[in-house]
$ cat structure.pdb   # PDB, C-alpha atoms and all ligand atoms
ATOM      1  CA  MET A   1     -39.818 -26.850-113.579
ATOM      2  CA  LEU A   2     -36.758 -24.580-113.607
ATOM      3  CA  LYS A   3     -33.286 -25.599-112.449
ATOM      4  CA  ASN A   4     -32.302 -22.314-110.878
ATOM      5  CA  GLU A   5     -35.082 -21.182-108.588
ATOM      6  CA  ASP A   6     -32.901 -19.897-105.767
ATOM      7  CA  LYS A   7     -31.307 -16.473-106.083
ATOM      8  CA  CYS A   8     -28.771 -14.953-103.693
ATOM      9  CA  ASN A   9     -30.036 -12.287-101.327
ATOM     10  CA  LEU A  10     -28.761  -8.766-101.989
ATOM     11  CA  LYS A  11     -27.740  -6.361 -99.258
ATOM     12  CA  LEU A  12     -29.584  -3.027 -99.236
ATOM     13  CA  GLU A  13     -28.668  -1.472 -95.880
ATOM     14  CA  ASN A  14     -26.973  -2.529 -92.658
ATOM     15  CA  GLN A  15     -29.900  -4.587 -91.419
ATOM     16  CA  LEU A  16     -31.813  -5.054 -94.607
ATOM     17  CA  TYR A  17     -31.531  -7.603 -97.417
ATOM     18  CA  ILE A  18     -33.743  -8.422-100.361
ATOM     19  CA  LYS A  19     -34.498 -11.781-101.983
ATOM     20  CA  PRO A  20     -34.813 -11.050-105.696
ATOM     21  CA  GLU A  21     -37.540 -13.526-106.609
ATOM     22  CA  TYR A  22     -38.392 -11.343-109.596
ATOM     23  CA  LEU A  23     -35.295 -12.767-111.300
ATOM     24  CA  ILE A  24     -36.605 -16.362-111.310
ATOM     25  CA  HIS A  25     -38.165 -16.033-114.746
ATOM     26  CA  PRO A  26     -38.711 -13.079-117.085
ATOM     27  CA  PHE A  27     -42.469 -13.668-117.470
ATOM     28  CA  ILE A  28     -43.525 -16.075-114.723
ATOM     29  CA  SER A  29     -42.517 -13.639-112.081
ATOM     30  CA  GLY A  30     -41.578 -14.141-108.447
ATOM     31  CA  ASN A  31     -44.272 -15.536-106.239
ATOM     32  CA  LYS A  32     -46.492 -16.381-109.222
ATOM     33  CA  TYR A  33     -43.892 -18.905-110.345
ATOM     34  CA  ARG A  34     -43.903 -20.386-106.829
ATOM     35  CA  LYS A  35     -47.691 -20.493-106.724
ATOM     36  CA  LEU A  36     -48.112 -22.070-110.139
ATOM     37  CA  LYS A  37     -45.360 -24.686-109.952
ATOM     38  CA  TYR A  38     -47.257 -27.476-108.148
ATOM     39  CA  ASN A  39     -50.556 -26.540-109.776
ATOM     40  CA  PHE A  40     -49.039 -27.078-113.203
ATOM     41  CA  LEU A  41     -47.522 -30.391-112.105
ATOM     42  CA  GLU A  42     -50.926 -31.437-110.732
ATOM     43  CA  ALA A  43     -52.691 -30.449-113.965
ATOM     44  CA  LYS A  44     -50.188 -32.575-115.925
ATOM     45  CA  THR A  45     -50.699 -35.522-113.557
ATOM     46  CA  LEU A  46     -54.466 -35.237-114.016
ATOM     47  CA  GLY A  47     -54.005 -35.217-117.781
ATOM     48  CA  LYS A  48     -55.578 -31.773-118.161
ATOM     49  CA  THR A  49     -54.561 -29.739-121.192
ATOM     50  CA  ILE A  50     -56.583 -26.601-120.469
ATOM     51  CA  LEU A  51     -56.055 -24.208-117.550
ATOM     52  CA  LEU A  52     -58.678 -21.648-116.601
ATOM     53  CA  THR A  53     -58.283 -18.836-114.136
ATOM     54  CA  PHE A  54     -59.701 -15.445-113.102
ATOM     55  CA  GLY A  55     -58.272 -11.982-112.750
ATOM     56  CA  GLY A  56     -58.519  -8.244-113.152
ATOM     57  CA  ALA A  57     -57.301  -6.442-116.251
ATOM     58  CA  TYR A  58     -53.846  -5.652-114.806
ATOM     59  CA  SER A  59     -53.369  -8.925-112.949
ATOM     60  CA  ASN A  60     -49.852 -10.304-112.468
ATOM     61  CA  HIS A  61     -51.492 -13.689-112.021
ATOM     62  CA  ILE A  62     -53.201 -13.590-115.449
ATOM     63  CA  SER A  63     -49.931 -12.574-117.058
ATOM     64  CA  ALA A  64     -48.007 -15.384-115.322
ATOM     65  CA  VAL A  65     -50.575 -18.094-116.127
ATOM     66  CA  ALA A  66     -50.551 -17.063-119.783
ATOM     67  CA  ALA A  67     -46.750 -17.190-119.962
ATOM     68  CA  ALA A  68     -46.519 -20.486-118.067
ATOM     69  CA  GLY A  69     -49.213 -22.049-120.243
ATOM     70  CA  LYS A  70     -47.245 -21.153-123.327
ATOM     71  CA  GLU A  71     -43.968 -22.445-121.890
ATOM     72  CA  PHE A  72     -45.326 -25.725-120.526
ATOM     73  CA  GLY A  73     -47.802 -26.557-123.267
ATOM     74  CA  PHE A  74     -51.267 -25.817-121.862
ATOM     75  CA  ARG A  75     -54.140 -23.986-123.458
ATOM     76  CA  THR A  76     -55.084 -21.112-121.124
ATOM     77  CA  ILE A  77     -58.360 -19.283-120.543
ATOM     78  CA  GLY A  78     -58.439 -16.024-118.585
ATOM     79  CA  VAL A  79     -61.823 -14.926-117.249
ATOM     80  CA  ILE A  80     -61.388 -11.167-116.894
ATOM     81  CA  ARG A  81     -63.415  -8.832-114.685
ATOM     82  CA  GLY A  82     -65.091  -6.053-116.685
ATOM     83  CA  GLU A  83     -67.180  -6.736-119.759
ATOM     84  CA  GLU A  84     -66.704  -3.163-120.958
ATOM     85  CA  LEU A  85     -63.046  -3.983-121.712
ATOM     86  CA  LYS A  86     -64.167  -6.174-124.602
ATOM     87  CA  ASN A  87     -64.610  -3.172-126.864
ATOM     88  CA  THR A  88     -61.527  -1.188-125.912
ATOM     89  CA  SER A  89     -57.939  -1.696-126.994
ATOM     90  CA  LEU A  90     -56.176  -4.142-124.684
ATOM     91  CA  ASN A  91     -53.881  -2.836-121.943
ATOM     92  CA  PRO A  92     -50.256  -4.106-121.852
ATOM     93  CA  THR A  93     -51.080  -6.967-119.434
ATOM     94  CA  LEU A  94     -53.943  -8.364-121.516
ATOM     95  CA  ARG A  95     -52.089  -7.801-124.783
ATOM     96  CA  PHE A  96     -49.208  -9.855-123.395
ATOM     97  CA  ALA A  97     -51.553 -12.591-122.150
ATOM     98  CA  GLN A  98     -53.213 -12.799-125.553
ATOM     99  CA  SER A  99     -49.836 -12.898-127.300
ATOM    100  CA  CYS A 100     -49.021 -15.990-125.200
ATOM    101  CA  GLY A 101     -52.135 -17.637-126.639
ATOM    102  CA  MET A 102     -54.477 -17.052-123.699
ATOM    103  CA  THR A 103     -58.170 -16.889-124.601
ATOM    104  CA  LEU A 104     -59.680 -13.883-122.829
ATOM    105  CA  LYS A 105     -63.285 -14.086-121.713
ATOM    106  CA  PHE A 106     -64.632 -10.798-120.407
ATOM    107  CA  VAL A 107     -67.477 -10.964-117.903
ATOM    108  CA  THR A 108     -69.467  -8.282-116.104
ATOM    109  CA  ARG A 109     -68.426  -7.281-112.614
ATOM    110  CA  GLU A 110     -71.690  -8.851-111.400
ATOM    111  CA  ALA A 111     -71.002 -12.205-113.053
ATOM    112  CA  TYR A 112     -67.399 -12.122-111.874
ATOM    113  CA  LYS A 113     -68.555 -12.161-108.251
ATOM    114  CA  ASN A 114     -69.870 -15.715-108.873
ATOM    115  CA  LYS A 115     -66.450 -16.987-109.834
ATOM    116  CA  SER A 116     -66.499 -19.723-107.174
ATOM    117  CA  ASP A 117     -70.099 -20.860-107.783
ATOM    118  CA  SER A 118     -70.516 -24.321-109.235
ATOM    119  CA  ALA A 119     -73.211 -23.137-111.679
ATOM    120  CA  PHE A 120     -70.855 -20.541-113.149
ATOM    121  CA  ILE A 121     -68.001 -23.050-113.329
ATOM    122  CA  SER A 122     -70.146 -25.607-115.156
ATOM    123  CA  GLU A 123     -71.199 -22.944-117.667
ATOM    124  CA  LEU A 124     -67.505 -22.329-118.302
ATOM    125  CA  GLN A 125     -66.907 -26.066-118.625
ATOM    126  CA  LYS A 126     -69.605 -26.298-121.285
ATOM    127  CA  GLU A 127     -67.917 -23.499-123.163
ATOM    128  CA  PHE A 128     -64.261 -24.534-122.867
ATOM    129  CA  GLY A 129     -64.178 -28.250-121.962
ATOM    130  CA  ALA A 130     -62.689 -29.977-118.909
ATOM    131  CA  PHE A 131     -60.153 -27.547-117.486
ATOM    132  CA  TYR A 132     -57.907 -27.396-114.456
ATOM    133  CA  LEU A 133     -59.138 -24.482-112.373
ATOM    134  CA  ILE A 134     -56.750 -22.096-110.687
ATOM    135  CA  PRO A 135     -58.544 -19.625-108.398
ATOM    136  CA  GLU A 136     -58.194 -15.837-108.677
ATOM    137  CA  GLY A 137     -54.760 -14.799-107.456
ATOM    138  CA  GLY A 138     -53.723 -18.459-107.612
ATOM    139  CA  THR A 139     -54.010 -19.186-103.891
ATOM    140  CA  ASN A 140     -54.740 -22.798-102.945
ATOM    141  CA  THR A 141     -52.962 -25.546-101.002
ATOM    142  CA  LEU A 142     -50.555 -26.320-103.846
ATOM    143  CA  ALA A 143     -49.694 -22.633-104.203
ATOM    144  CA  VAL A 144     -48.846 -22.424-100.511
ATOM    145  CA  LYS A 145     -46.670 -25.527-100.898
ATOM    146  CA  GLY A 146     -44.738 -23.779-103.673
ATOM    147  CA  CYS A 147     -44.270 -20.675-101.536
ATOM    148  CA  GLU A 148     -42.838 -22.815 -98.754
ATOM    149  CA  GLU A 149     -39.793 -23.142-101.041
ATOM    150  CA  ILE A 150     -39.012 -19.396-101.082
ATOM    151  CA  LEU A 151     -36.993 -19.519 -97.866
ATOM    152  CA  THR A 152     -33.894 -21.706 -97.828
ATOM    153  CA  LYS A 153     -31.309 -22.801 -95.254
ATOM    154  CA  ALA A 154     -29.231 -19.748 -96.110
ATOM    155  CA  ASP A 155     -32.013 -17.514 -94.751
ATOM    156  CA  ALA A 156     -31.746 -18.854 -91.186
ATOM    157  CA  LYS A 157     -29.819 -15.766 -90.052
ATOM    158  CA  PHE A 158     -32.774 -13.433 -90.565
ATOM    159  CA  ASP A 159     -35.040 -12.389 -87.688
ATOM    160  CA  PHE A 160     -37.746 -10.737 -89.782
ATOM    161  CA  ILE A 161     -39.080 -11.830 -93.173
ATOM    162  CA  CYS A 162     -41.215  -9.216 -94.952
ATOM    163  CA  CYS A 163     -43.539  -9.767 -97.889
ATOM    164  CA  PRO A 164     -46.397  -8.008 -99.659
ATOM    165  CA  VAL A 165     -49.848  -9.582 -99.289
ATOM    166  CA  GLY A 166     -52.690  -9.886-101.802
ATOM    167  CA  THR A 167     -54.751 -13.041-101.269
ATOM    168  CA  GLY A 168     -52.458 -14.435 -98.555
ATOM    169  CA  GLY A 169     -50.986 -17.517-100.261
ATOM    170  CA  THR A 170     -47.430 -16.275-100.348
ATOM    171  CA  ILE A 171     -47.236 -15.215 -96.721
ATOM    172  CA  SER A 172     -48.809 -18.543 -95.692
ATOM    173  CA  GLY A 173     -45.985 -20.436 -97.392
ATOM    174  CA  LEU A 174     -43.399 -18.227 -95.711
ATOM    175  CA  ILE A 175     -45.044 -18.721 -92.310
ATOM    176  CA  ASN A 176     -45.001 -22.494 -92.724
ATOM    177  CA  SER A 177     -41.336 -22.676 -93.667
ATOM    178  CA  ALA A 178     -39.998 -20.044 -91.241
ATOM    179  CA  LEU A 179     -37.826 -21.077 -88.310
ATOM    180  CA  SER A 180     -39.083 -20.610 -84.766
ATOM    181  CA  HIS A 181     -36.965 -17.486 -84.113
ATOM    182  CA  GLN A 182     -38.250 -15.764 -87.265
ATOM    183  CA  LYS A 183     -41.201 -13.430 -87.533
ATOM    184  CA  ILE A 184     -43.075 -12.937 -90.809
ATOM    185  CA  ILE A 185     -44.410  -9.458 -91.490
ATOM    186  CA  GLY A 186     -47.011  -8.999 -94.212
ATOM    187  CA  PHE A 187     -47.841  -5.701 -95.907
ATOM    188  CA  PRO A 188     -51.352  -5.946 -97.421
ATOM    189  CA  ALA A 189     -51.679  -4.088-100.724
ATOM    190  CA  LEU A 190     -55.395  -3.627-100.181
ATOM    191  CA  LYS A 191     -57.852  -2.517 -97.543
ATOM    192  CA  GLY A 192     -60.101  -4.918 -95.698
ATOM    193  CA  ASP A 193     -59.750  -7.474 -92.953
ATOM    194  CA  PHE A 194     -60.660 -10.744 -94.669
ATOM    195  CA  LEU A 195     -56.957 -11.580 -94.851
ATOM    196  CA  GLN A 196     -56.406 -12.615 -91.262
ATOM    197  CA  GLU A 197     -58.948 -15.404 -91.705
ATOM    198  CA  GLU A 198     -57.668 -16.436 -95.138
ATOM    199  CA  ILE A 199     -54.091 -16.784 -93.877
ATOM    200  CA  THR A 200     -55.192 -18.761 -90.841
ATOM    201  CA  LYS A 201     -56.683 -21.340 -93.246
ATOM    202  CA  PHE A 202     -53.261 -22.164 -94.690
ATOM    203  CA  ALA A 203     -50.710 -21.109 -92.086
ATOM    204  CA  LYS A 204     -49.555 -23.590 -89.487
ATOM    205  CA  ASN A 205     -47.718 -21.210 -87.132
ATOM    206  CA  LYS A 206     -48.513 -18.013 -85.260
ATOM    207  CA  ASN A 207     -45.242 -16.153 -85.781
ATOM    208  CA  TRP A 208     -46.678 -13.528 -88.118
ATOM    209  CA  GLU A 209     -48.255 -10.101 -88.201
ATOM    210  CA  LEU A 210     -49.951  -7.925 -90.811
ATOM    211  CA  ILE A 211     -49.030  -4.248 -90.950
ATOM    212  CA  THR A 212     -51.972  -2.514 -92.554
ATOM    213  CA  ASP A 213     -50.663   1.075 -92.706
ATOM    214  CA  TYR A 214     -49.103   0.945 -96.165
ATOM    215  CA  HIS A 215     -51.851   0.136 -98.676
ATOM    216  CA  PHE A 216     -51.875   3.764 -99.921
ATOM    217  CA  GLY A 217     -55.643   3.981-100.123
ATOM    218  CA  GLY A 218     -56.332   0.596-101.667
ATOM    219  CA  TYR A 219     -55.468  -1.934-104.293
ATOM    220  CA  ALA A 220     -53.493  -0.452-107.208
ATOM    221  CA  LYS A 221     -53.823   3.057-105.709
ATOM    222  CA  ILE A 222     -50.578   4.964-105.697
ATOM    223  CA  SER A 223     -49.405   8.370-104.449
ATOM    224  CA  ASP A 224     -46.772  10.661-105.951
ATOM    225  CA  GLU A 225     -44.754  10.151-102.763
ATOM    226  CA  LEU A 226     -44.728   6.401-103.368
ATOM    227  CA  ILE A 227     -43.645   6.908-106.984
ATOM    228  CA  ALA A 228     -40.787   9.156-105.854
ATOM    229  CA  PHE A 229     -39.720   6.531-103.294
ATOM    230  CA  MET A 230     -39.753   3.732-105.889
ATOM    231  CA  ASN A 231     -37.738   5.808-108.343
ATOM    232  CA  GLN A 232     -35.138   6.735-105.705
ATOM    233  CA  PHE A 233     -34.920   3.114-104.613
ATOM    234  CA  LYS A 234     -34.277   1.948-108.164
ATOM    235  CA  CYS A 235     -31.707   4.658-108.731
ATOM    236  CA  LYS A 236     -29.809   3.763-105.557
ATOM    237  CA  HIS A 237     -29.999  -0.042-105.680
ATOM    238  CA  THR A 238     -30.684  -0.694-109.388
ATOM    239  CA  ILE A 239     -33.598  -2.858-108.295
ATOM    240  CA  PRO A 240     -36.984  -2.038-109.841
ATOM    241  CA  LEU A 241     -40.124  -2.200-107.696
ATOM    242  CA  ASP A 242     -43.715  -2.692-108.805
ATOM    243  CA  PRO A 243     -46.419  -0.169-107.898
ATOM    244  CA  VAL A 244     -49.016  -2.584-106.513
ATOM    245  CA  TYR A 245     -47.068  -4.750-104.084
ATOM    246  CA  THR A 246     -43.299  -4.486-103.646
ATOM    247  CA  GLY A 247     -43.173  -0.673-103.799
ATOM    248  CA  LYS A 248     -45.631  -0.402-100.919
ATOM    249  CA  MET A 249     -43.845  -3.083 -98.893
ATOM    250  CA  MET A 250     -40.411  -1.455 -99.292
ATOM    251  CA  PHE A 251     -41.843   1.943 -98.417
ATOM    252  CA  GLY A 252     -43.327   0.378 -95.292
ATOM    253  CA  ILE A 253     -40.093  -1.364 -94.298
ATOM    254  CA  TYR A 254     -38.017   1.830 -94.559
ATOM    255  CA  ASN A 255     -40.682   3.718 -92.637
ATOM    256  CA  LEU A 256     -40.693   1.095 -89.871
ATOM    257  CA  ILE A 257     -36.885   1.147 -89.689
ATOM    258  CA  ASP A 258     -37.043   4.952 -89.242
ATOM    259  CA  LYS A 259     -39.628   4.547 -86.520
ATOM    260  CA  GLY A 260     -37.442   2.045 -84.645
ATOM    261  CA  TYR A 261     -39.807  -0.893 -85.120
ATOM    262  CA  PHE A 262     -36.966  -3.377 -85.712
ATOM    263  CA  PRO A 263     -34.405  -3.926 -82.905
ATOM    264  CA  LYS A 264     -31.002  -2.516 -83.933
ATOM    265  CA  GLN A 265     -29.135  -5.822 -84.140
ATOM    266  CA  SER A 266     -31.887  -7.685 -85.984
ATOM    267  CA  LYS A 267     -31.646  -8.714 -89.618
ATOM    268  CA  ILE A 268     -34.507  -8.186 -92.036
ATOM    269  CA  LEU A 269     -35.166 -10.008 -95.313
ATOM    270  CA  ALA A 270     -37.627  -8.455 -97.782
ATOM    271  CA  ILE A 271     -39.082 -10.792-100.409
ATOM    272  CA  HIS A 272     -39.228  -9.124-103.827
ATOM    273  CA  THR A 273     -42.219 -11.005-105.197
ATOM    274  CA  GLY A 274     -41.982  -9.611-108.735
ATOM    275  CA  GLY A 275     -44.939  -7.981-110.447
ATOM    276  CA  LEU A 276     -42.884  -5.742-112.695
ATOM    277  CA  GLN A 277     -45.145  -6.368-115.675
ATOM    278  CA  GLY A 278     -47.593  -4.004-113.962
ATOM    279  CA  VAL A 279     -45.350  -0.959-114.348
ATOM    280  CA  GLU A 280     -46.238  -0.321-117.988
ATOM    281  CA  GLY A 281     -49.985  -0.391-117.396
ATOM    282  CA  MET A 282     -49.678   1.832-114.320
ATOM    283  CA  ASN A 283     -47.562   4.330-116.259
ATOM    284  CA  GLN A 284     -50.221   4.476-118.973
ATOM    285  CA  LYS A 285     -52.769   5.494-116.353
ATOM    286  CA  LEU A 286     -50.401   7.974-114.672
ATOM    287  CA  LYS A 287     -49.667   9.585-118.017
ATOM    288  CA  GLN A 288     -53.371  10.134-118.655
ATOM    289  CA  GLN A 289     -53.571  11.851-115.270
ATOM    290  CA  ASN A 290     -50.501  14.005-115.995
ATOM    291  CA  ARG A 291     -48.666  12.590-113.018
ATOM    292  CA  PRO A 292     -45.013  11.608-112.516
ATOM    293  CA  LEU A 293     -44.112   8.230-114.007
ATOM    294  CA  ILE A 294     -42.310   5.178-112.636
ATOM    295  CA  VAL A 295     -38.849   5.085-114.212
TER
HETATM  296  C1  LIG B 301     -49.816 -11.612-106.508
HETATM  297  C2  LIG B 301     -48.711 -10.865-105.892
HETATM  298  C3  LIG B 301     -48.583 -10.723-104.500
HETATM  299  C4  LIG B 301     -49.625 -11.252-103.537
HETATM  300  O1  LIG B 301     -49.479 -12.614-103.314
HETATM  301  P1  LIG B 301     -50.609 -13.397-102.522
HETATM  302  O2  LIG B 301     -50.133 -14.779-102.478
HETATM  303  O3  LIG B 301     -51.869 -13.247-103.333
HETATM  304  O4  LIG B 301     -50.766 -12.761-101.195
HETATM  305  C5  LIG B 301     -47.488 -10.056-104.001
HETATM  306  N1  LIG B 301     -46.560  -9.517-104.825
HETATM  307  C6  LIG B 301     -46.666  -9.610-106.146
HETATM  308  C7  LIG B 301     -45.638  -8.954-106.984
HETATM  309  C8  LIG B 301     -47.735 -10.278-106.730
HETATM  310  O5  LIG B 301     -47.837 -10.346-108.063
END
$ encode --input "structure.pdb" --output "structure tokens"
Amino acid sequence: MLKNEDKCNLKLENQLYIKPEYLIHPFISGNKYRKLKYNFLEAKTLGKTILLTFGGAYSNHISAVAAAGKEFGFRTIGVIRGEELKNTSLNPTLRFAQSCGMTLKFVTREAYKNKSDSAFISELQKEFGAFYLIPEGGTNTLAVKGCEEILTKADAKFDFICCPVGTGGTISGLINSALSHQKIIGFPALKGDFLQEEITKFAKNKNWELITDYHFGGYAKISDELIAFMNQFKCKHTIPLDPVYTGKMMFGIYNLIDKGYFPKQSKILAIHTGGLQGVEGMNQKLKQQNRPLIV
């Protein structure tokens, strides 16, 4: 798809580097670009012209599918959780998706739970025609294949590779392409222990660990301490972080460094998976709550 997928790592601290995947594309950000790449190629091969996927109202995945559909010539349908949103003004994520030409279909939270059921899918097919289906969050075998391309030969010197975790596709790709001396550390952005199993489905090696202490109370939950950390980080390194994934991961990495988790001579690579489109929507919510904003 793009010619320049590989970006140079940037040094943050003595031991710590960051891979700025968020710079791959302005709208098909970071790991979502990696996850969509082979799915889009497959859809083209199959002769499909319509892509359908699922997501929440602030989803980075919805935003990326909409942008990629526009760029690569597919009609896109986003099935969005929350029927009540139909009658409110669209948040920045959904407004962007719609501006890319995505058709938004709002469904109740109940109906949304059936998103993998064949009866629900055939209803959608009757409504929209024969589409290529990308699951919620975009994780499938082709997505993992794309994420296997995040690490390159130049990353061989790192001992630890850190990434945020949502549905587990990205970390699975990293696990599969890591070298035998490397350990992959995942920072789940949400509570719950379904992830271990999900990752085992796709990951071929055992050199990984999930650190579950940095979800900040759950998916898209954020504390004022985390906001202050993200703002300081951006000020110092001129690298923006997103509130749902990369902010929590970086907070966790610095905390683990302080606690002596990483051996002194080891080198750590943090994967900046993108997600910056989420900042505007989060700030809207923070403003309503009279809380400090993400700069
Ligand atoms: C979606 C997303 C993730 C989670 O990726 P998974 O493959 O679902 O684990 C991490 N970081 C960002 C910025 C994302 O948008």
$ resolve_selection --input "structure.pdb" --expression "the PyMOL selection byres (((chain A and resi 89-103) around 8) and not hetatm)" --output "NGL selection string"
:A and (57-60 or 62-63 or 66-67 or 69-70 or 75-78 or 85 or 87-88 or 104-105 or 277-278 or 280-281)
$ resolve_selection --input "structure.pdb" --expression "the PyMOL selection byres (((chain A and resi 34) around 10) and not hetatm)" --output "PyMOL selection string"
chain A and resi 5+21+24+28-33+35-39+142-150+170+173+273
$ residues_near_ligand --input "structure.pdb" --ligand "ligand LIG 301 (chain B)" --cutoff "6 Å" --atoms "all atoms listed in the file" --output "number ranges by chain"
A: 60, 137, 164-170, 245, 273-275
$ write_last_selection --input "structure.pdb" --atoms "C-alpha atoms" --output "PDB file, in the coordinates of the input"
ATOM      1  CA  ASN A  60     -49.852 -10.304-112.468  1.00  0.00           C
ATOM      2  CA  GLY A 137     -54.760 -14.799-107.456  1.00  0.00           C
ATOM      3  CA  PRO A 164     -46.397  -8.008 -99.659  1.00  0.00           C
ATOM      4  CA  VAL A 165     -49.848  -9.582 -99.289  1.00  0.00           C
ATOM      5  CA  GLY A 166     -52.690  -9.886-101.802  1.00  0.00           C
ATOM      6  CA  THR A 167     -54.751 -13.041-101.269  1.00  0.00           C
ATOM      7  CA  GLY A 168     -52.458 -14.435 -98.555  1.00  0.00           C
ATOM      8  CA  GLY A 169     -50.986 -17.517-100.261  1.00  0.00           C
ATOM      9  CA  THR A 170     -47.430 -16.275-100.348  1.00  0.00           C
ATOM     10  CA  TYR A 245     -47.068  -4.750-104.084  1.00  0.00           C
ATOM     11  CA  THR A 273     -42.219 -11.005-105.197  1.00  0.00           C
ATOM     12  CA  GLY A 274     -41.982  -9.611-108.735  1.00  0.00           C
ATOM     13  CA  GLY A 275     -44.939  -7.981-110.447  1.00  0.00           C
TER      14      GLY A 275
END
$ resolve_selection --input "structure.pdb" --expression "the PyMOL selection byres (((chain A and resi 131) around 10) and not hetatm)" --output "VMD selection string"
chain A and resid 43 47 to 53 75 to 77 121 124 to 125 128 to 130 132 to 134
$ residues_near_point --input "structure.pdb" --point "(-56.2, -19.2, -93.2)" --cutoff "12 Å" --atoms "only C-alpha atoms" --output "PyMOL selection string"
chain A and resi 139-141+144+167-173+175-176+194-206
$ closest_residue --input "structure.pdb" --among "A:Asn207, A:Ser118, A:Thr246, A:Thr212" --to "Ile271 (chain A)" --atoms "all atoms listed in the file"
A:Thr246
$ residues_around --input "structure.pdb" --residues "region 223-240 of chain A" --least-positions-apart "2" --cutoff "9 Å" --atoms "all atoms listed in the file" --output "ChimeraX atom specification"
/A:12,20,216-217,221,242-243,247-248,250-251,276,291-295
$ closest_residue --input "structure.pdb" --among "A:Leu174, A:Ala189, A:Ala68, A:Leu10" --to "Thr152 (chain A)" --atoms "only C-alpha atoms"
A:Leu174
$ closest_residue --input "structure.pdb" --among "A:Gln15, A:Ile268, A:Ala111, A:Gly138" --to "Ile184 (chain A)" --atoms "only C-alpha atoms"
A:Ile268
$ atom_distance --input "structure.pdb" --atom1 "CA of His61 (chain A)" --atom2 "CA of Leu210 (chain A)"
22.0 Å
$ atom_distance --input "structure.pdb" --atom1 "CA of Thr108 (chain A)" --atom2 "CA of Val79 (chain A)"
10.2 Å
$ closest_residue --input "structure.pdb" --among "A:Lys19, A:Glu110, A:Glu136, A:Glu209" --to "Val65 (chain A)" --atoms "only C-alpha atoms"
A:Glu136
$ atom_distance --input "structure.pdb" --atom1 "CA of His215 (chain A)" --atom2 "CA of Cys162 (chain A)"
14.6 Å
$ axis_aligned_box --input "structure.pdb" --around "region 162-178 of chain A" --padding-each-side "4 Å" --output "lines of an AutoDock Vina configuration file"
center_x = -47.4
center_y = -15.3
center_z = -96.5
size_x = 22.8
size_y = 22.7
size_z = 18.6
$ residues_around --input "structure.pdb" --residues "Leu179 (chain A)" --least-positions-apart "6" --cutoff "10 Å" --atoms "only C-alpha atoms" --output "NGL selection string"
:A and (151 or 153 or 155-159 or 205 or 207)
$ decode --input "structure.pdb" --residues "region 123-136 of chain A" --atoms "N, CA and C atoms" --output "mmCIF file, in the first residue's frame"
data_model
loop_
_atom_site.group_PDB
_atom_site.id
_atom_site.type_symbol
_atom_site.label_atom_id
_atom_site.label_comp_id
_atom_site.auth_asym_id
_atom_site.auth_seq_id
_atom_site.Cartn_x
_atom_site.Cartn_y
_atom_site.Cartn_z
ATOM 1 N N GLU A 123 -28.545 -10.585 8.000
ATOM 2 C CA GLU A 123 -29.406 -9.396 7.981
ATOM 3 C C GLU A 123 -28.662 -8.210 7.367
ATOM 4 N N LEU A 124 -27.417 -8.038 7.810
ATOM 5 C CA LEU A 124 -26.609 -6.916 7.309
ATOM 6 C C LEU A 124 -26.331 -7.075 5.819
ATOM 7 N N GLN A 125 -26.139 -8.346 5.395
ATOM 8 C CA GLN A 125 -25.894 -8.579 3.970
ATOM 9 C C GLN A 125 -27.117 -8.223 3.128
ATOM 10 N N LYS A 126 -28.298 -8.534 3.667
ATOM 11 C CA LYS A 126 -29.525 -8.156 2.948
ATOM 12 C C LYS A 126 -29.602 -6.641 2.804
ATOM 13 N N GLU A 127 -29.182 -5.957 3.841
ATOM 14 C CA GLU A 127 -29.287 -4.497 3.825
ATOM 15 C C GLU A 127 -28.226 -3.835 2.939
ATOM 16 N N PHE A 128 -26.994 -4.347 2.979
ATOM 17 C CA PHE A 128 -25.896 -3.616 2.327
ATOM 18 C C PHE A 128 -25.271 -4.334 1.127
ATOM 19 N N GLY A 129 -25.631 -5.592 0.881
ATOM 20 C CA GLY A 129 -25.010 -6.333 -0.216
ATOM 21 C C GLY A 129 -23.812 -7.134 0.273
ATOM 22 N N ALA A 130 -23.131 -7.803 -0.681
ATOM 23 C CA ALA A 130 -22.031 -8.708 -0.298
ATOM 24 C C ALA A 130 -20.809 -7.898 0.112
ATOM 25 N N PHE A 131 -20.510 -7.892 1.393
ATOM 26 C CA PHE A 131 -19.373 -7.102 1.874
ATOM 27 C C PHE A 131 -18.247 -7.994 2.349
ATOM 28 N N TYR A 132 -17.077 -7.389 2.467
ATOM 29 C CA TYR A 132 -15.937 -8.029 3.131
ATOM 30 C C TYR A 132 -16.023 -7.621 4.590
ATOM 31 N N LEU A 133 -16.045 -8.600 5.477
ATOM 32 C CA LEU A 133 -16.233 -8.320 6.897
ATOM 33 C C LEU A 133 -14.896 -8.223 7.637
ATOM 34 N N ILE A 134 -14.734 -7.133 8.327
ATOM 35 C CA ILE A 134 -13.567 -6.985 9.208
ATOM 36 C C ILE A 134 -14.106 -6.973 10.635
ATOM 37 N N PRO A 135 -13.615 -7.867 11.501
ATOM 38 C CA PRO A 135 -14.201 -7.929 12.851
ATOM 39 C C PRO A 135 -13.922 -6.671 13.673
ATOM 40 N N GLU A 136 -14.635 -6.521 14.782
ATOM 41 C CA GLU A 136 -14.408 -5.394 15.694
ATOM 42 C C GLU A 136 -12.932 -5.349 16.087
#
